[in-house]
>>> print(open('coords-v3.csv').read())   # CSV, C-alpha atoms and all ligand atoms
chain,number,residue,atom,x,y,z
A,1,MET,CA,-39.7,-15.2,-7.7
A,2,THR,CA,-40.0,-11.5,-6.8
A,3,LEU,CA,-37.5,-10.0,-4.4
A,4,THR,CA,-40.3,-9.8,-1.7
A,5,GLN,CA,-41.0,-13.5,-2.2
A,6,LEU,CA,-37.3,-14.3,-2.1
A,7,GLU,CA,-37.0,-12.3,1.2
A,8,GLN,CA,-39.9,-14.2,2.8
A,9,GLU,CA,-38.5,-17.6,1.6
A,10,ILE,CA,-35.0,-16.8,2.9
A,11,MET,CA,-36.4,-15.7,6.3
A,12,ARG,CA,-38.6,-18.8,6.5
A,13,HIS,CA,-35.7,-21.3,5.7
A,14,PHE,CA,-33.3,-19.4,8.0
A,15,ALA,CA,-35.8,-19.7,10.9
A,16,ALA,CA,-36.3,-23.4,10.2
A,17,GLY,CA,-32.8,-24.1,11.5
A,18,ALA,CA,-31.4,-27.5,10.9
A,19,ALA,CA,-34.6,-28.6,9.3
A,20,SER,CA,-33.7,-26.5,6.2
A,21,SER,CA,-30.7,-28.8,5.5
A,22,GLY,CA,-31.6,-31.1,2.7
A,23,ASP,CA,-34.7,-29.1,1.8
A,24,PRO,CA,-34.6,-28.5,-2.0
A,25,ALA,CA,-36.7,-25.3,-1.6
A,26,ALA,CA,-34.1,-23.9,0.8
A,27,MET,CA,-31.3,-24.6,-1.7
A,28,LYS,CA,-33.4,-23.0,-4.5
A,29,ALA,CA,-34.0,-19.8,-2.5
A,30,PHE,CA,-30.3,-19.6,-1.5
A,31,LEU,CA,-29.1,-20.1,-5.1
A,32,GLU,CA,-31.5,-17.4,-6.2
A,33,LEU,CA,-30.2,-15.0,-3.6
A,34,ARG,CA,-26.6,-15.9,-4.5
A,35,ALA,CA,-27.3,-15.1,-8.2
A,36,CYS,CA,-29.0,-11.8,-7.2
A,37,LEU,CA,-26.0,-10.9,-5.0
A,38,GLU,CA,-23.6,-11.6,-7.9
A,39,ARG,CA,-25.7,-9.5,-10.3
A,40,GLY,CA,-25.8,-6.6,-7.8
A,41,GLU,CA,-29.6,-6.8,-7.5
A,42,VAL,CA,-29.5,-7.2,-3.7
A,43,ARG,CA,-27.0,-6.1,-1.1
A,44,ALA,CA,-26.2,-6.9,2.5
A,45,ALA,CA,-26.3,-3.1,3.2
A,46,GLN,CA,-27.5,-0.3,1.0
A,47,PRO,CA,-27.8,3.5,1.0
A,48,ASP,CA,-30.9,4.7,2.7
A,49,HIS,CA,-31.5,8.4,3.3
A,50,ALA,CA,-34.1,7.7,6.0
A,51,SER,CA,-31.5,6.0,8.2
A,52,PRO,CA,-29.3,8.1,10.6
A,53,THR,CA,-26.1,6.8,9.0
A,54,GLY,CA,-27.4,6.9,5.5
A,55,TRP,CA,-27.1,3.1,5.2
A,56,ARG,CA,-29.6,0.3,5.9
A,57,VAL,CA,-28.6,-3.3,6.8
A,58,ASN,CA,-30.6,-5.9,5.0
A,59,ALA,CA,-30.6,-8.5,7.7
A,60,TRP,CA,-32.5,-11.0,5.5
A,61,VAL,CA,-29.7,-11.0,3.0
A,62,LYS,CA,-27.2,-11.8,5.7
A,63,GLN,CA,-29.5,-14.6,6.9
A,64,GLY,CA,-29.5,-16.0,3.4
A,65,ILE,CA,-25.7,-15.9,3.2
A,66,LEU,CA,-25.6,-17.8,6.6
A,67,LEU,CA,-28.2,-20.2,5.2
A,68,GLY,CA,-25.8,-21.0,2.4
A,69,PHE,CA,-23.2,-22.0,4.9
A,70,ARG,CA,-25.7,-24.2,6.7
A,71,LEU,CA,-26.8,-25.9,3.4
A,72,GLY,CA,-23.3,-26.3,2.1
A,73,ALA,CA,-21.4,-29.7,2.2
A,74,LEU,CA,-17.7,-29.9,2.0
A,75,GLU,CA,-16.5,-30.7,-1.5
A,76,ASN,CA,-13.1,-31.1,-3.2
A,77,SER,CA,-12.0,-28.9,-6.0
A,78,ASN,CA,-8.6,-28.4,-7.7
A,79,SER,CA,-6.6,-26.3,-10.0
A,80,GLY,CA,-3.4,-27.7,-11.4
A,81,ALA,CA,-1.4,-29.1,-8.5
A,82,LEU,CA,-3.4,-27.3,-5.9
A,83,SER,CA,-6.4,-28.8,-4.1
A,84,PHE,CA,-9.1,-27.1,-2.0
A,85,VAL,CA,-12.0,-28.2,0.2
A,86,ASP,CA,-14.9,-25.8,0.9
A,87,LYS,CA,-18.7,-25.7,1.2
A,88,HIS,CA,-20.1,-26.5,-2.2
A,89,THR,CA,-22.5,-23.6,-1.9
A,90,TYR,CA,-19.6,-21.1,-2.0
A,91,PRO,CA,-17.2,-22.1,-4.9
A,92,ALA,CA,-14.8,-19.6,-6.4
A,93,ARG,CA,-16.6,-17.3,-8.8
A,94,LEU,CA,-15.6,-17.8,-12.5
A,95,PHE,CA,-15.2,-14.8,-14.7
A,96,THR,CA,-15.1,-14.3,-18.5
A,97,ALA,CA,-13.9,-11.3,-20.5
A,98,SER,CA,-17.5,-10.2,-21.0
A,99,ASP,CA,-17.8,-9.5,-17.2
A,100,GLY,CA,-15.4,-6.6,-17.7
A,101,VAL,CA,-13.5,-7.5,-14.5
A,102,ARG,CA,-9.7,-7.8,-14.8
A,103,VAL,CA,-8.4,-10.6,-12.5
A,104,VAL,CA,-4.6,-10.9,-12.8
A,105,PRO,CA,-3.4,-14.5,-12.2
A,106,GLY,CA,-1.8,-15.5,-8.9
A,107,GLY,CA,-3.5,-16.5,-5.7
A,108,SER,CA,-6.6,-14.3,-6.0
A,109,SER,CA,-10.1,-15.5,-5.3
A,110,VAL,CA,-13.6,-14.0,-5.4
A,111,ARG,CA,-16.2,-16.1,-3.6
A,112,ALA,CA,-19.6,-16.9,-5.0
A,113,GLY,CA,-22.2,-14.4,-3.7
A,114,ALA,CA,-19.9,-11.4,-4.1
A,115,TYR,CA,-20.9,-8.5,-6.4
A,116,VAL,CA,-18.0,-7.2,-8.5
A,117,ALA,CA,-18.8,-4.4,-10.9
A,118,ARG,CA,-17.3,-3.8,-14.3
A,119,GLY,CA,-14.1,-1.9,-14.3
A,120,VAL,CA,-12.9,-3.4,-11.0
A,121,VAL,CA,-9.2,-4.4,-11.0
A,122,CYS,CA,-8.0,-7.2,-8.7
A,123,MET,CA,-4.3,-7.5,-8.2
A,124,PRO,CA,-2.9,-10.8,-6.9
A,125,PRO,CA,-3.1,-12.0,-4.2
A,126,MET,CA,-6.4,-10.7,-3.0
A,127,TYR,CA,-9.7,-12.0,-1.7
A,128,ILE,CA,-13.3,-10.9,-1.9
A,129,ASN,CA,-15.6,-12.8,0.4
A,130,THR,CA,-19.3,-13.6,0.0
A,131,GLY,CA,-21.9,-10.9,0.3
A,132,ALA,CA,-19.4,-8.2,-0.4
A,133,TRP,CA,-20.2,-5.4,-2.9
A,134,VAL,CA,-17.3,-3.9,-4.9
A,135,ASP,CA,-18.4,-1.0,-7.2
A,136,GLU,CA,-17.2,0.3,-10.5
A,137,GLY,CA,-13.6,1.4,-11.1
A,138,THR,CA,-12.4,0.2,-7.7
A,139,MET,CA,-8.9,-1.2,-7.3
A,140,VAL,CA,-8.3,-4.2,-5.0
A,141,ASP,CA,-4.6,-4.2,-4.7
A,142,SER,CA,-2.3,-7.1,-3.7
A,143,HIS,CA,-2.9,-8.7,-0.3
A,144,ALA,CA,-6.1,-6.7,0.2
A,145,LEU,CA,-9.1,-8.4,1.8
A,146,VAL,CA,-12.7,-7.4,1.3
A,147,GLY,CA,-14.5,-9.2,4.1
A,148,SER,CA,-18.0,-10.8,4.0
A,149,CYS,CA,-20.8,-8.3,3.3
A,150,ALA,CA,-18.4,-5.3,3.2
A,151,GLN,CA,-19.6,-2.6,0.9
A,152,ILE,CA,-17.0,-0.8,-1.2
A,153,GLY,CA,-18.0,2.2,-3.4
A,154,LYS,CA,-17.0,3.4,-6.8
A,155,ARG,CA,-13.4,4.4,-7.6
A,156,VAL,CA,-12.1,3.3,-4.2
A,157,HIS,CA,-8.5,2.4,-4.0
A,158,LEU,CA,-7.9,-0.5,-1.5
A,159,SER,CA,-4.1,-0.3,-1.4
A,160,ALA,CA,-1.7,-3.2,-0.8
A,161,ALA,CA,-2.5,-5.2,2.3
A,162,ALA,CA,-5.6,-3.1,3.2
A,163,GLN,CA,-7.9,-5.3,5.4
A,164,ILE,CA,-11.6,-4.5,5.2
A,165,GLY,CA,-13.2,-6.6,7.9
A,166,GLY,CA,-16.3,-8.6,7.3
A,167,VAL,CA,-19.4,-9.2,9.5
A,168,LEU,CA,-22.1,-11.8,9.1
A,169,GLU,CA,-23.3,-12.1,12.6
A,170,PRO,CA,-25.3,-10.7,14.3
A,171,VAL,CA,-27.3,-10.4,11.2
A,172,ASN,CA,-28.5,-6.8,11.9
A,173,ALA,CA,-24.9,-5.6,12.5
A,174,SER,CA,-23.8,-3.1,9.9
A,175,PRO,CA,-20.8,-4.3,7.7
A,176,VAL,CA,-17.8,-2.1,7.0
A,177,ILE,CA,-18.8,0.5,4.4
A,178,ILE,CA,-16.3,2.4,2.3
A,179,GLU,CA,-18.1,5.1,0.2
A,180,ASP,CA,-17.1,6.4,-3.3
A,181,ASP,CA,-13.7,7.8,-4.0
A,182,VAL,CA,-12.1,6.8,-0.8
A,183,LEU,CA,-8.4,5.9,-0.6
A,184,VAL,CA,-7.5,3.2,1.9
A,185,GLY,CA,-3.7,3.3,2.2
A,186,GLY,CA,-1.4,0.4,2.4
A,187,ASN,CA,-1.7,-1.8,5.5
A,188,CYS,CA,-4.8,-0.1,6.8
A,189,GLY,CA,-7.4,-2.1,8.8
A,190,VAL,CA,-11.0,-1.1,8.8
A,191,TYR,CA,-13.2,-3.3,11.1
A,192,GLU,CA,-16.4,-3.7,13.1
A,193,GLY,CA,-18.9,-1.8,10.9
A,194,THR,CA,-16.8,1.4,10.5
A,195,LEU,CA,-18.3,3.7,8.0
A,196,VAL,CA,-15.8,5.7,5.8
A,197,ARG,CA,-17.6,8.6,4.1
A,198,LYS,CA,-17.0,9.7,0.5
A,199,GLY,CA,-13.6,11.0,-0.5
A,200,ALA,CA,-11.9,10.3,2.8
A,201,VAL,CA,-8.3,9.3,2.8
A,202,LEU,CA,-6.8,6.8,5.3
A,203,ALA,CA,-3.1,7.2,5.3
A,204,ALA,CA,-1.0,4.0,5.3
A,205,GLY,CA,-1.2,2.1,8.5
A,206,ALA,CA,-4.4,3.6,9.9
A,207,ILE,CA,-6.5,1.1,11.9
A,208,LEU,CA,-10.1,1.8,12.8
A,209,THR,CA,-12.5,-0.3,14.9
A,210,ARG,CA,-15.6,0.3,17.0
A,211,GLY,CA,-13.4,1.1,20.0
A,212,THR,CA,-11.0,3.5,18.3
A,213,PRO,CA,-11.5,7.2,19.1
A,214,LEU,CA,-10.7,9.3,16.1
A,215,PHE,CA,-9.3,12.7,16.9
A,216,ASP,CA,-10.4,15.5,14.5
A,217,LEU,CA,-7.6,18.0,14.9
A,218,VAL,CA,-9.3,20.4,12.4
A,219,LYS,CA,-12.7,20.6,14.1
A,220,GLY,CA,-11.5,19.9,17.6
A,221,GLU,CA,-13.8,16.9,18.2
A,222,VAL,CA,-13.2,13.3,19.2
A,223,LEU,CA,-15.3,10.9,17.1
A,224,ARG,CA,-16.4,7.6,18.6
A,225,ALA,CA,-18.9,4.8,17.8
A,226,GLY,CA,-22.2,5.1,19.7
A,227,PRO,CA,-24.4,2.3,21.0
A,228,GLU,CA,-26.4,2.3,17.7
A,229,THR,CA,-23.9,3.9,15.4
A,230,PRO,CA,-20.5,2.8,14.1
A,231,LEU,CA,-17.3,4.9,14.1
A,232,ILE,CA,-17.9,7.3,11.2
A,233,VAL,CA,-15.0,8.9,9.2
A,234,PRO,CA,-16.4,12.2,7.8
A,235,GLU,CA,-16.4,13.0,4.1
A,236,ASN,CA,-13.0,14.0,2.7
A,237,ALA,CA,-11.3,13.6,6.1
A,238,VAL,CA,-7.6,12.8,5.8
A,239,VAL,CA,-6.8,10.3,8.7
A,240,VAL,CA,-3.2,9.5,9.7
A,241,PRO,CA,-2.0,7.1,12.3
A,242,GLY,CA,-0.8,8.9,15.4
A,243,ALA,CA,-0.1,8.4,19.1
A,244,ARG,CA,-1.3,10.0,22.4
A,245,ALA,CA,0.5,10.0,25.7
A,246,ILE,CA,-1.2,8.1,28.5
A,247,GLY,CA,-2.1,10.6,31.2
A,248,LYS,CA,-2.4,8.4,34.2
A,249,GLY,CA,-1.2,5.4,36.1
A,250,ASN,CA,1.6,3.0,35.1
A,251,GLY,CA,1.2,4.1,31.4
A,252,GLN,CA,2.1,7.6,32.3
A,253,GLU,CA,4.9,6.5,34.7
A,254,TRP,CA,6.4,4.3,32.0
A,255,GLY,CA,6.1,7.1,29.3
A,256,LEU,CA,3.8,5.0,27.1
A,257,SER,CA,1.5,6.2,24.3
A,258,LEU,CA,-1.6,4.7,22.8
A,259,TYR,CA,-2.4,4.5,19.1
A,260,ALA,CA,-4.5,7.4,18.1
A,261,PRO,CA,-5.7,8.0,14.5
A,262,ALA,CA,-6.1,11.7,13.8
A,263,ILE,CA,-7.8,13.8,11.1
A,264,VAL,CA,-5.0,16.2,10.2
A,265,LYS,CA,-6.9,18.0,7.4
A,266,TYR,CA,-9.8,17.7,4.9
A,267,ARG,CA,-9.0,16.7,1.4
A,268,ASP,CA,-7.4,19.5,-0.7
A,269,ASP,CA,-5.6,19.8,-4.1
A,270,LYS,CA,-2.4,18.4,-2.5
A,271,THR,CA,-4.2,15.3,-1.3
A,272,ASP,CA,-5.7,14.8,-4.7
A,273,LEU,CA,-2.1,14.9,-6.1
A,274,SER,CA,-0.8,12.5,-3.4
A,275,THR,CA,-3.6,10.0,-4.1
A,276,THR,CA,-3.4,9.9,-7.9
A,277,LEU,CA,-2.1,6.3,-7.9
A,278,GLU,CA,-1.4,4.0,-10.8
A,279,GLU,CA,-4.2,5.3,-13.0
A,280,LEU,CA,-2.4,3.7,-15.9
A,281,LEU,CA,-2.9,0.3,-14.4
A,282,ARG,CA,-6.7,0.5,-14.6
A,301,LIG,C1,-2.4,10.8,3.5
A,301,LIG,C2,-1.5,11.0,2.3
A,301,LIG,C3,-2.4,10.7,1.1
A,301,LIG,C4,-1.0,12.4,2.2
A,301,LIG,O1,-2.1,13.3,2.1
A,301,LIG,P1,-1.7,14.9,1.9
A,301,LIG,O2,-3.0,15.6,1.8
A,301,LIG,O3,-0.7,15.1,0.8
A,301,LIG,O4,-1.0,15.2,3.3
A,301,LIG,P2,0.1,16.3,3.6
A,301,LIG,O5,1.4,16.0,3.1
A,301,LIG,O6,-0.5,17.7,3.3
A,301,LIG,O7,0.1,16.2,5.2
A,301,LIG,C5,-0.8,16.8,6.1
A,301,LIG,C6,-0.2,16.5,7.5
A,301,LIG,O8,-0.3,15.1,7.8
A,301,LIG,C7,1.0,14.5,8.1
A,301,LIG,N1,1.0,13.2,7.4
A,301,LIG,C8,0.8,13.0,6.1
A,301,LIG,N2,0.8,11.7,5.8
A,301,LIG,C9,1.1,11.1,7.0
A,301,LIG,C10,1.3,9.8,7.4
A,301,LIG,N3,1.1,8.8,6.5
A,301,LIG,N4,1.5,9.5,8.7
A,301,LIG,C11,1.6,10.5,9.6
A,301,LIG,N5,1.4,11.8,9.3
A,301,LIG,C12,1.2,12.1,8.0
A,301,LIG,C13,2.0,15.5,7.4
A,301,LIG,O9,3.2,15.5,8.1
A,301,LIG,C14,1.3,16.8,7.7
A,301,LIG,O10,1.4,17.3,9.0
A,301,LIG,P3,2.4,18.6,9.3
A,301,LIG,O11,1.7,19.7,8.5
A,301,LIG,O12,2.3,18.7,10.7
A,301,LIG,O13,3.7,18.2,8.8
A,301,LIG,C15,-0.3,10.1,2.3
A,301,LIG,O14,0.5,10.3,3.4
A,301,LIG,C16,-0.6,8.6,2.2
A,301,LIG,O15,-0.7,7.9,3.3
A,301,LIG,N6,-0.8,8.0,1.0
A,301,LIG,C17,-1.2,6.7,0.8
A,301,LIG,C18,0.1,5.9,0.5
A,301,LIG,C19,-0.3,4.4,0.2
A,301,LIG,O16,-0.7,3.7,1.1
A,301,LIG,N7,-0.1,4.0,-1.0
A,301,LIG,C20,-0.5,2.7,-1.4
A,301,LIG,C21,0.2,2.2,-2.6
A,301,LIG,S1,-0.4,0.6,-3.0
>>> encode(input="coords-v3.csv", output="structure tokens")
Amino acid sequence: MTLTQLEQEIMRHFAAGAASSGDPAAMKAFLELRACLERGEVRAAQPDHASPTGWRVNAWVKQGILLGFRLGALENSNSGALSFVDKHTYPARLFTASDGVRVVPGGSSVRAGAYVARGVVCMPPMYINTGAWVDEGTMVDSHALVGSCAQIGKRVHLSAAAQIGGVLEPVNASPVIIEDDVLVGGNCGVYEGTLVRKGAVLAAGAILTRGTPLFDLVKGEVLRAGPETPLIVPENAVVVPGARAIGKGNGQEWGLSLYAPAIVKYRDDKTDLSTTLEELLR
């Protein structure tokens, strides 16, 4: 099946609703898509210079992933004394040494339908959900989550407890995108389609969502998501968690502040030094 045929098949079975359950052709198309996702041949979102954000969402791929949940039946699996129950269409991915991905034992799981490139290091416990793309040389540190369909570039460091939100529905919604050479610090949360451009640094504890204004102290601008665009962290921006005083009403009277992430600088030699982390572990 060519990719165009696969796209048509997926869209057809997705549109068929409940009628696709039990249809062997629907399962065949889904399994083909899942294999393509795992080989990195198709992605939930991909770079596209013609698009305003530089990224295009492949809604049909997300439809195919949702189709897999519809077609899946609960099945038991176990490992040692542990037992699990999940949709049979999304078992844990099995790796061998020839895949070139290092998965350290202990509570980690990569779900079927995720692409994990060679040279990725997964420290336990961590989780990569279906439809996610994790590119070469990236570190997924302990307690990090890569949500469904999230796109993670090359040489990204997802530090301990970094949470990268997933999005499956609506199918045309852009997933979180973390471009090449980004450092996502410990305990960061990046959600709701936020796009983090190349080389940016999120200091430990920064949280970004569609509704979070991002204060660029260097350029004197406030960056926000638009009706059609996500919150975009500019290339090489260094974002730290901050606070801003509430200027009206009870908040002002009570002396409260709201969380306010700020771009304090753009990456320089000192940042490069601060972000040279655990190279030896790779
Ligand atoms: C952002 C980071 C990389 C520092 O980058 P840097 O370029 O060296 O930053 P600088 O030290 O030049 O700081 C620039 C400004 O931001 C402030 N700043 C830096 N890090 C900050 C932080 N985490 N929170 C709040 N403010 C911070 C500094 O005080 C400085 O402001 P000032 O000039 O008014 O004092 C570092 O703070 C960080 O968060 N590293 C990630 C740590 C981590 O999560 N490790 C994971 C291990 S698993």
>>> residues_near_ligand(input="coords-v3.csv", ligand="ligand LIG 301 (chain A)", cutoff="7 Å", atoms="all atoms listed in the file", output="list in words")
Asp141, Ser159, Ala160, Val184, Gly185, Gly186, Val201, Leu202, Ala203, Ala204, Val238, Val239, Val240, Pro241, Gly242, Val264, Lys265, Arg267, Asp268, Lys270, Thr271, Ser274 and Thr275 of chain A
>>> residues_around(input="coords-v3.csv", residues="stretch 1-14 of chain A", least_positions_apart="2", cutoff="7 Å", atoms="all atoms listed in the file", output="NGL selection string")
:A and (16-17 or 20 or 26 or 29 or 60 or 63-64 or 67)
>>> residues_around(input="coords-v3.csv", residues="stretch 144-150 of chain A", least_positions_apart="2", cutoff="7 Å", atoms="only C-alpha atoms", output="JSON, numbers by chain")
{"A": [44, 126, 127, 128, 129, 130, 131, 132, 133, 140, 141, 142, 152, 158, 159, 160, 161, 162, 163, 164, 165, 166, 167, 168, 175, 176, 177]}
>>> write_last_selection(input="coords-v3.csv", atoms="C-alpha atoms", output="PDB file, in the coordinates of the input")
ATOM      1  CA  ALA A  44     -26.200  -6.900   2.500  1.00  0.00           C
ATOM      2  CA  MET A 126      -6.400 -10.700  -3.000  1.00  0.00           C
ATOM      3  CA  TYR A 127      -9.700 -12.000  -1.700  1.00  0.00           C
ATOM      4  CA  ILE A 128     -13.300 -10.900  -1.900  1.00  0.00           C
ATOM      5  CA  ASN A 129     -15.600 -12.800   0.400  1.00  0.00           C
ATOM      6  CA  THR A 130     -19.300 -13.600   0.000  1.00  0.00           C
ATOM      7  CA  GLY A 131     -21.900 -10.900   0.300  1.00  0.00           C
ATOM      8  CA  ALA A 132     -19.400  -8.200  -0.400  1.00  0.00           C
ATOM      9  CA  TRP A 133     -20.200  -5.400  -2.900  1.00  0.00           C
ATOM     10  CA  VAL A 140      -8.300  -4.200  -5.000  1.00  0.00           C
ATOM     11  CA  ASP A 141      -4.600  -4.200  -4.700  1.00  0.00           C
ATOM     12  CA  SER A 142      -2.300  -7.100  -3.700  1.00  0.00           C
ATOM     13  CA  ILE A 152     -17.000  -0.800  -1.200  1.00  0.00           C
ATOM     14  CA  LEU A 158      -7.900  -0.500  -1.500  1.00  0.00           C
ATOM     15  CA  SER A 159      -4.100  -0.300  -1.400  1.00  0.00           C
ATOM     16  CA  ALA A 160      -1.700  -3.200  -0.800  1.00  0.00           C
ATOM     17  CA  ALA A 161      -2.500  -5.200   2.300  1.00  0.00           C
ATOM     18  CA  ALA A 162      -5.600  -3.100   3.200  1.00  0.00           C
ATOM     19  CA  GLN A 163      -7.900  -5.300   5.400  1.00  0.00           C
ATOM     20  CA  ILE A 164     -11.600  -4.500   5.200  1.00  0.00           C
ATOM     21  CA  GLY A 165     -13.200  -6.600   7.900  1.00  0.00           C
ATOM     22  CA  GLY A 166     -16.300  -8.600   7.300  1.00  0.00           C
ATOM     23  CA  VAL A 167     -19.400  -9.200   9.500  1.00  0.00           C
ATOM     24  CA  LEU A 168     -22.100 -11.800   9.100  1.00  0.00           C
ATOM     25  CA  PRO A 175     -20.800  -4.300   7.700  1.00  0.00           C
ATOM     26  CA  VAL A 176     -17.800  -2.100   7.000  1.00  0.00           C
ATOM     27  CA  ILE A 177     -18.800   0.500   4.400  1.00  0.00           C
TER      28      ILE A 177
END
>>> residues_around(input="coords-v3.csv", residues="A:Met27", least_positions_apart="4", cutoff="10 Å", atoms="all atoms listed in the file", output="PyMOL selection string")
chain A and resi 10+13+20-23+31-33+67-68+71-72+89
>>> write_last_selection(input="coords-v3.csv", atoms="C-alpha atoms", output="mmCIF file, in the frame of the given file")
data_model
loop_
_atom_site.group_PDB
_atom_site.id
_atom_site.type_symbol
_atom_site.label_atom_id
_atom_site.label_comp_id
_atom_site.auth_asym_id
_atom_site.auth_seq_id
_atom_site.Cartn_x
_atom_site.Cartn_y
_atom_site.Cartn_z
ATOM 1 C CA ILE A 10 -35.000 -16.800 2.900
ATOM 2 C CA HIS A 13 -35.700 -21.300 5.700
ATOM 3 C CA SER A 20 -33.700 -26.500 6.200
ATOM 4 C CA SER A 21 -30.700 -28.800 5.500
ATOM 5 C CA GLY A 22 -31.600 -31.100 2.700
ATOM 6 C CA ASP A 23 -34.700 -29.100 1.800
ATOM 7 C CA LEU A 31 -29.100 -20.100 -5.100
ATOM 8 C CA GLU A 32 -31.500 -17.400 -6.200
ATOM 9 C CA LEU A 33 -30.200 -15.000 -3.600
ATOM 10 C CA LEU A 67 -28.200 -20.200 5.200
ATOM 11 C CA GLY A 68 -25.800 -21.000 2.400
ATOM 12 C CA LEU A 71 -26.800 -25.900 3.400
ATOM 13 C CA GLY A 72 -23.300 -26.300 2.100
ATOM 14 C CA THR A 89 -22.500 -23.600 -1.900
#
>>> residues_around(input="coords-v3.csv", residues="A:Tyr115", least_positions_apart="6", cutoff="6 Å", atoms="only C-alpha atoms", output="count of residues only")
4
>>> atom_distance(input="coords-v3.csv", atom1="atom CA of A:His157", atom2="atom CA of A:Pro261")
19.5 Å
>>> closest_residue(input="coords-v3.csv", among="A:Ala18, A:Val42, A:Ile207, A:Val110", to="A:Phe69", atoms="all atoms listed in the file")
A:Ala18
>>> closest_residue(input="coords-v3.csv", among="A:Lys87, A:Arg197, A:Arg39, A:His143", to="A:Asp99", atoms="only C-alpha atoms")
A:Arg39
>>> decode(input="coords-v3.csv", residues="stretch 2-7 of chain A", atoms="all heavy atoms", output="mmCIF file, in the first residue's frame")
data_model
loop_
_atom_site.group_PDB
_atom_site.id
_atom_site.type_symbol
_atom_site.label_atom_id
_atom_site.label_comp_id
_atom_site.auth_asym_id
_atom_site.auth_seq_id
_atom_site.Cartn_x
_atom_site.Cartn_y
_atom_site.Cartn_z
ATOM 1 N N THR A 2 0.611 2.214 -0.891
ATOM 2 C CA THR A 2 1.376 3.464 -0.864
ATOM 3 C C THR A 2 0.845 4.326 0.289
ATOM 4 O O THR A 2 -0.244 4.064 0.818
ATOM 5 C CB THR A 2 1.193 4.263 -2.173
ATOM 6 O OG1 THR A 2 -0.194 4.655 -2.244
ATOM 7 C CG2 THR A 2 1.550 3.439 -3.398
ATOM 8 N N LEU A 3 1.598 5.369 0.621
ATOM 9 C CA LEU A 3 1.158 6.240 1.731
ATOM 10 C C LEU A 3 -0.162 6.924 1.401
ATOM 11 O O LEU A 3 -1.010 7.111 2.269
ATOM 12 C CB LEU A 3 2.221 7.289 2.021
ATOM 13 C CG LEU A 3 3.322 6.874 3.009
ATOM 14 C CD1 LEU A 3 4.179 8.060 3.360
ATOM 15 C CD2 LEU A 3 2.719 6.250 4.268
ATOM 16 N N THR A 4 -0.344 7.303 0.120
ATOM 17 C CA THR A 4 -1.602 7.947 -0.271
ATOM 18 C C THR A 4 -2.767 6.984 -0.089
ATOM 19 O O THR A 4 -3.836 7.365 0.409
ATOM 20 C CB THR A 4 -1.525 8.405 -1.744
ATOM 21 O OG1 THR A 4 -0.262 9.021 -1.930
ATOM 22 C CG2 THR A 4 -2.624 9.353 -2.113
ATOM 23 N N GLN A 5 -2.546 5.717 -0.481
ATOM 24 C CA GLN A 5 -3.613 4.715 -0.303
ATOM 25 C C GLN A 5 -3.892 4.511 1.190
ATOM 26 O O GLN A 5 -5.050 4.403 1.606
ATOM 27 C CB GLN A 5 -3.208 3.377 -0.932
ATOM 28 C CG GLN A 5 -3.260 3.401 -2.450
ATOM 29 C CD GLN A 5 -2.518 2.211 -3.057
ATOM 30 O OE1 GLN A 5 -1.612 1.636 -2.448
ATOM 31 N NE2 GLN A 5 -2.887 1.841 -4.270
ATOM 32 N N LEU A 6 -2.811 4.479 1.958
ATOM 33 C CA LEU A 6 -2.977 4.271 3.403
ATOM 34 C C LEU A 6 -3.790 5.425 3.997
ATOM 35 O O LEU A 6 -4.711 5.215 4.793
ATOM 36 C CB LEU A 6 -1.597 4.181 4.078
ATOM 37 C CG LEU A 6 -1.617 3.951 5.583
ATOM 38 C CD1 LEU A 6 -2.300 2.638 5.943
ATOM 39 C CD2 LEU A 6 -0.196 3.957 6.157
ATOM 40 N N GLU A 7 -3.464 6.661 3.584
ATOM 41 C CA GLU A 7 -4.197 7.833 4.074
ATOM 42 C C GLU A 7 -5.695 7.692 3.755
ATOM 43 O O GLU A 7 -6.550 7.900 4.622
ATOM 44 C CB GLU A 7 -3.619 9.099 3.426
ATOM 45 C CG GLU A 7 -4.360 10.355 3.800
ATOM 46 C CD GLU A 7 -3.702 11.617 3.237
ATOM 47 O OE1 GLU A 7 -2.562 11.536 2.731
ATOM 48 O OE2 GLU A 7 -4.347 12.673 3.309
#
